[in-house]
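Input: a single structure, listed below in structure tokens.
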Amino acid sequence: MSSHILRRLAESLVVVAAMSFVIYALIGLMPGDPIDLMLSADPHLTSADVARLKALMGIDQPLLRRYGAWAAAALSGDFGYSRLYVEPAVAALLDPLGRSALLMGVSFVTTLALALPLGILAARQPRSLADHAINLASFASISLPSFWIGLMLILVFAAGLGWLPAGGIADVGGGGFIDRLRHLILPVTTLTIVSFGAFARYMRSGLLEVMGQDFIRTARAKGASERRILLGHALRNAMGTVVTIVALSFGGLFSGALVTETLFAYPGMGKLIYDAILGNDFNLALAALLIATVMTLVSNLAADIAYAAIDPRIVYR
Amino acid sequence: MMPRQSRAALYTRRFAQNRPAVLSALLLLALAYASLASPLIAALMAQDPSVVDLYHRIAGPSLAHPLGTDELGRDLLLRLLAGGRISLAVGIMGALAAAVVGTAIGLIAGYRGGLVDAVLMRATDAVISLPLLPLLIVLAAVDLRKLGLPPELARSEMASLYRIVVLVALVGWTTVARIVRGATLSLETRDFVRAAVGLGATPVRVMLVHILPNLAAPIIVATALSVGNVILLESVLSFLGLGIAPPLASWGAMLSGAQETITIAPALAIYPGALIFLVVVACNLLGDGLQDALDPRTLTARKRA
């Protein structure tokens with residue numbers, strides 16, 4: 001088991017290294033470059049200045065050498081300066097990272113709190129009215145564009161009823177707990193609506209698969225109540241797949257958070273990445289994308305470990 | 001083996017029993033037809049959806065404009081139909097492109113085996129596990145001229161459409177690749193494939209003539225199921241301003257503009273999103289129906305469950 005995890009860890013490191021190169025190369029392909037930006041800010045620059053600046057910043061070097069220099073600096077914790085925030089890229093990342101963690105964490109809890117009971121309810125009585133209704137709702141959840149459901153929530157609760165703020169994290173001059181909570185409600189609701197469907201479906205199918213197995217029949221034959229069979233026998237065995245899928249969905253949750261944050265002007269990682277890319281803040285975009293990739297891979301690794309921990313029958317070679 | 005005619009009839013009969021799937025197919029056909037015929041409808045309504053009429057901005061429904069007008073006074077119904085053209089085209093083209101890439105990778109990985117297989121499948125795992133949207137935003141922001149594309153092409157009206165299709169193909173191939181690889185692994189041990197190899201058929205011929213036709217059903221199902229996702233992806237990117245660019249307009253791109261006028265013109269935000277939702281639901285239901293019709297093994301698995 002530990003050798004399996006070591007191998008997965010090594011694979012993840014390779015993926016991080018490859019991704020950092022791909023992202024680095026892609027960022028170089030975006031419109032505009034740092035020298036152009038300086039040129040537009042200072043018309044007195046001569047072409048000799050431009051050449052000197054390019055040499056100074058190493059932009060005249062070949063891609064691989066530039067990447068090597070960047071990677072060496074990054075490994076020692078230096079991701080360069082952010083152009084938009086005028087501070088080191090890592091420092092500019094910290095606050096948004098915390099805010100995203102809050103948004104995603106709360107959404108994650110509400111999603112599971114909605115999806116798992118629904119999935120269990122549907123699996124208890126397959127093909128019942130409740131099952132069909134839950135299936136329909138899950139289907140709608142999967143098919144909804146997240147930004148549109150967010151827009152509709154803004155339309156009804158912010159623009160129409162005026163109950164909740166349409167965006168941001170706190171009112172000007174506000175910032176108390178209640179104020180921040182009010183700003184979280186619509187983004188969290190949006191994320192919950194678009195992600196509960198997939199989880200409910202996984203929960204249902206995972207549970208149904210277990211319910212068809214022999215040890216459930218044995219438990220029934222021994223006269224265990226349906227409640228005990230469900231909670232004591234089936235659920236634990238079904239959780240393995242569900243936990244794995246939940247952990248594997250981190251990348252999807254992050255993508256959803258990016259859209260939600262941008263829509264609600266919520267200054268988290270997703271909005272930061274979006275702003276950094278559109279604002280030609282290459283250092284910040286690189287650091288943020290890399291962190292998003294690393295977090296996704298870590299959660300995938302955690303899924304692997306959790307799977308084995310929950311289901312002792314899993315033996316990794 | 002059954003004669004071809006009866007197999008097709010069997011598929012059709014199984015599909016026809018799935019009422020949601022049939023309804024979805026009809027809805028999609030109707031929408032596609034209306035979208036394609038939008039110039040004709042525009043002519044019948046004596047409207048030009050590209051003409052700006054600032055005196056009649058954000059008008060409510062009327063006889064001349066059944067759904068009202070948008071923020072530039074263009075007829076909303078016709079704009080929706082024109083947007084549907086792009087959204088549906090991107091959905092179908094993107095799903096097909098991803099299927100072609102996935103099929104090629106899956107065939108090669110499965111048939112070659114060994115190191116090639118290991119590398120390709122690790123790459124597939126890696127792509128599946130990445131946070132896709134941030135990466136797609138980077139890819140969508142790439143300056144095509146820096147890639148060495150001729151400026152005429154990079155600036156052409158259709159560039160944003162082709163770009164999305166390429167992006168979808170770059171990230172969407174993984175599902176098909178996995179399915180095709182798995183099926184190839186089991187097919188290559190079958191006698192008819194061994195016979196072909198023994199008769200001296202080249203690997204390419206074996207893959208394309210002997211293996212690929214037997215993979216048609218799972219590939220069709222996976223492709224159909226991905227159309228809805230592609231449309232969602234396109235709408236998100238366009239909404240963020242990185243997808244379909246003017247003069248083209250998709251439903252996602254229309255929503256991007258509607259965000260600013262949402263308080264005075266909610267209809268502009270409601271209709272395009274509702275259409276995306278409807279189409280994606282229909283695509284998913286249709287894909288489910290195709291799966292049940294073409295791939296009965298999954299059906300029995302689900303019925304048993």
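Each chain in the structure tokens gets a letter, A, B, ..., in the order shown, and its residues are numbered from 1; ligands are numbered from 1 in order too.
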
**Message:** If the cut-off is 8 Å, can you tell me the residues of chain A near chain B, counting only C-alpha atoms? I'd like them as a count of residues only.
**Reply:** 42

**Asked** What is the atom CA of B:Gly91-atom CA of B:Val230 distance in Å, reported with one decimal?
**Response**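 Pair atom CA of B:Gly91 / atom CA of B:Val230 returns 5.1 Å.
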
**Request:** Once DSSP has gone over the backbone, tell me which residues of stretch 53-215 of chain B are in helix (DSSP H, G or I), as a count of residues only.
**Result:** 124

**Item:** Residue with smallest distance to A:Ala137 - pool A:Arg201, A:Arg124, A:Arg228, A:Arg52, counting only C-alpha atoms
**Value:**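 The answer is A:Arg201, which sits nearest to A:Ala137.
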
**Request:** Counting only C-alpha atoms, figure out which residue out of A:Ala170, A:Lys271, A:Asp42, A:Ala91 gets nearest to A:Gly77.
**Result:** A:Ala91

**Message:** Would you pick out the contacts of stretch 217-226 of chain B at 6 Å or less, using only C-alpha atoms, so that residues sharing its chain but fewer than 5 positions from it are not included, and give the list as a list in words?
**Reply:**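 The contact residues come out as Ala95, Asn284, Gly287, Leu290, Gln291 and Leu294 of chain B.
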
Limited to C-alpha atoms, could you put the picked residues into a file as an mmCIF file, in the first residue's frame?
```cif
data_model
loop_
_atom_site.group_PDB
_atom_site.id
_atom_site.type_symbol
_atom_site.label_atom_id
_atom_site.label_comp_id
_atom_site.auth_asym_id
_atom_site.auth_seq_id
_atom_site.Cartn_x
_atom_site.Cartn_y
_atom_site.Cartn_z
ATOM 1 C CA ALA B 95 -17.791 16.569 -29.330
ATOM 2 C CA ASN B 284 -28.046 14.171 -21.798
ATOM 3 C CA GLY B 287 -27.300 10.219 -24.810
ATOM 4 C CA LEU B 290 -28.727 5.951 -27.118
ATOM 5 C CA GLN B 291 -26.780 4.169 -24.433
ATOM 6 C CA LEU B 294 -26.969 0.589 -28.434
#
```

**Message:** Excluding B:Val166 and its own-chain neighbours fewer than 5 positions away, which residues fall within 10 Å of it when counting only C-alpha atoms? Please give them as a PyMOL selection string.
**Reply:** chain B and resi 93-94+97-98+139-140+160-161+171-172

I need the residues from that last selection saved to file as an mmCIF file, in the first residue's frame (with C-alpha atoms), if you can.
```cif
data_model
loop_
_atom_site.group_PDB
_atom_site.id
_atom_site.type_symbol
_atom_site.label_atom_id
_atom_site.label_comp_id
_atom_site.auth_asym_id
_atom_site.auth_seq_id
_atom_site.Cartn_x
_atom_site.Cartn_y
_atom_site.Cartn_z
ATOM 1 C CA MET B 93 -18.166 19.894 -33.732
ATOM 2 C CA GLY B 94 -16.407 19.940 -30.366
ATOM 3 C CA ALA B 97 -13.335 16.513 -32.610
ATOM 4 C CA ALA B 98 -12.817 15.230 -29.064
ATOM 5 C CA LEU B 139 -5.624 28.430 -23.606
ATOM 6 C CA ALA B 140 -8.459 30.679 -24.698
ATOM 7 C CA SER B 160 -13.263 32.138 -32.108
ATOM 8 C CA LEU B 161 -15.483 29.223 -33.135
ATOM 9 C CA VAL B 171 -9.302 18.549 -23.041
ATOM 10 C CA GLY B 172 -12.363 16.447 -23.894
#
```
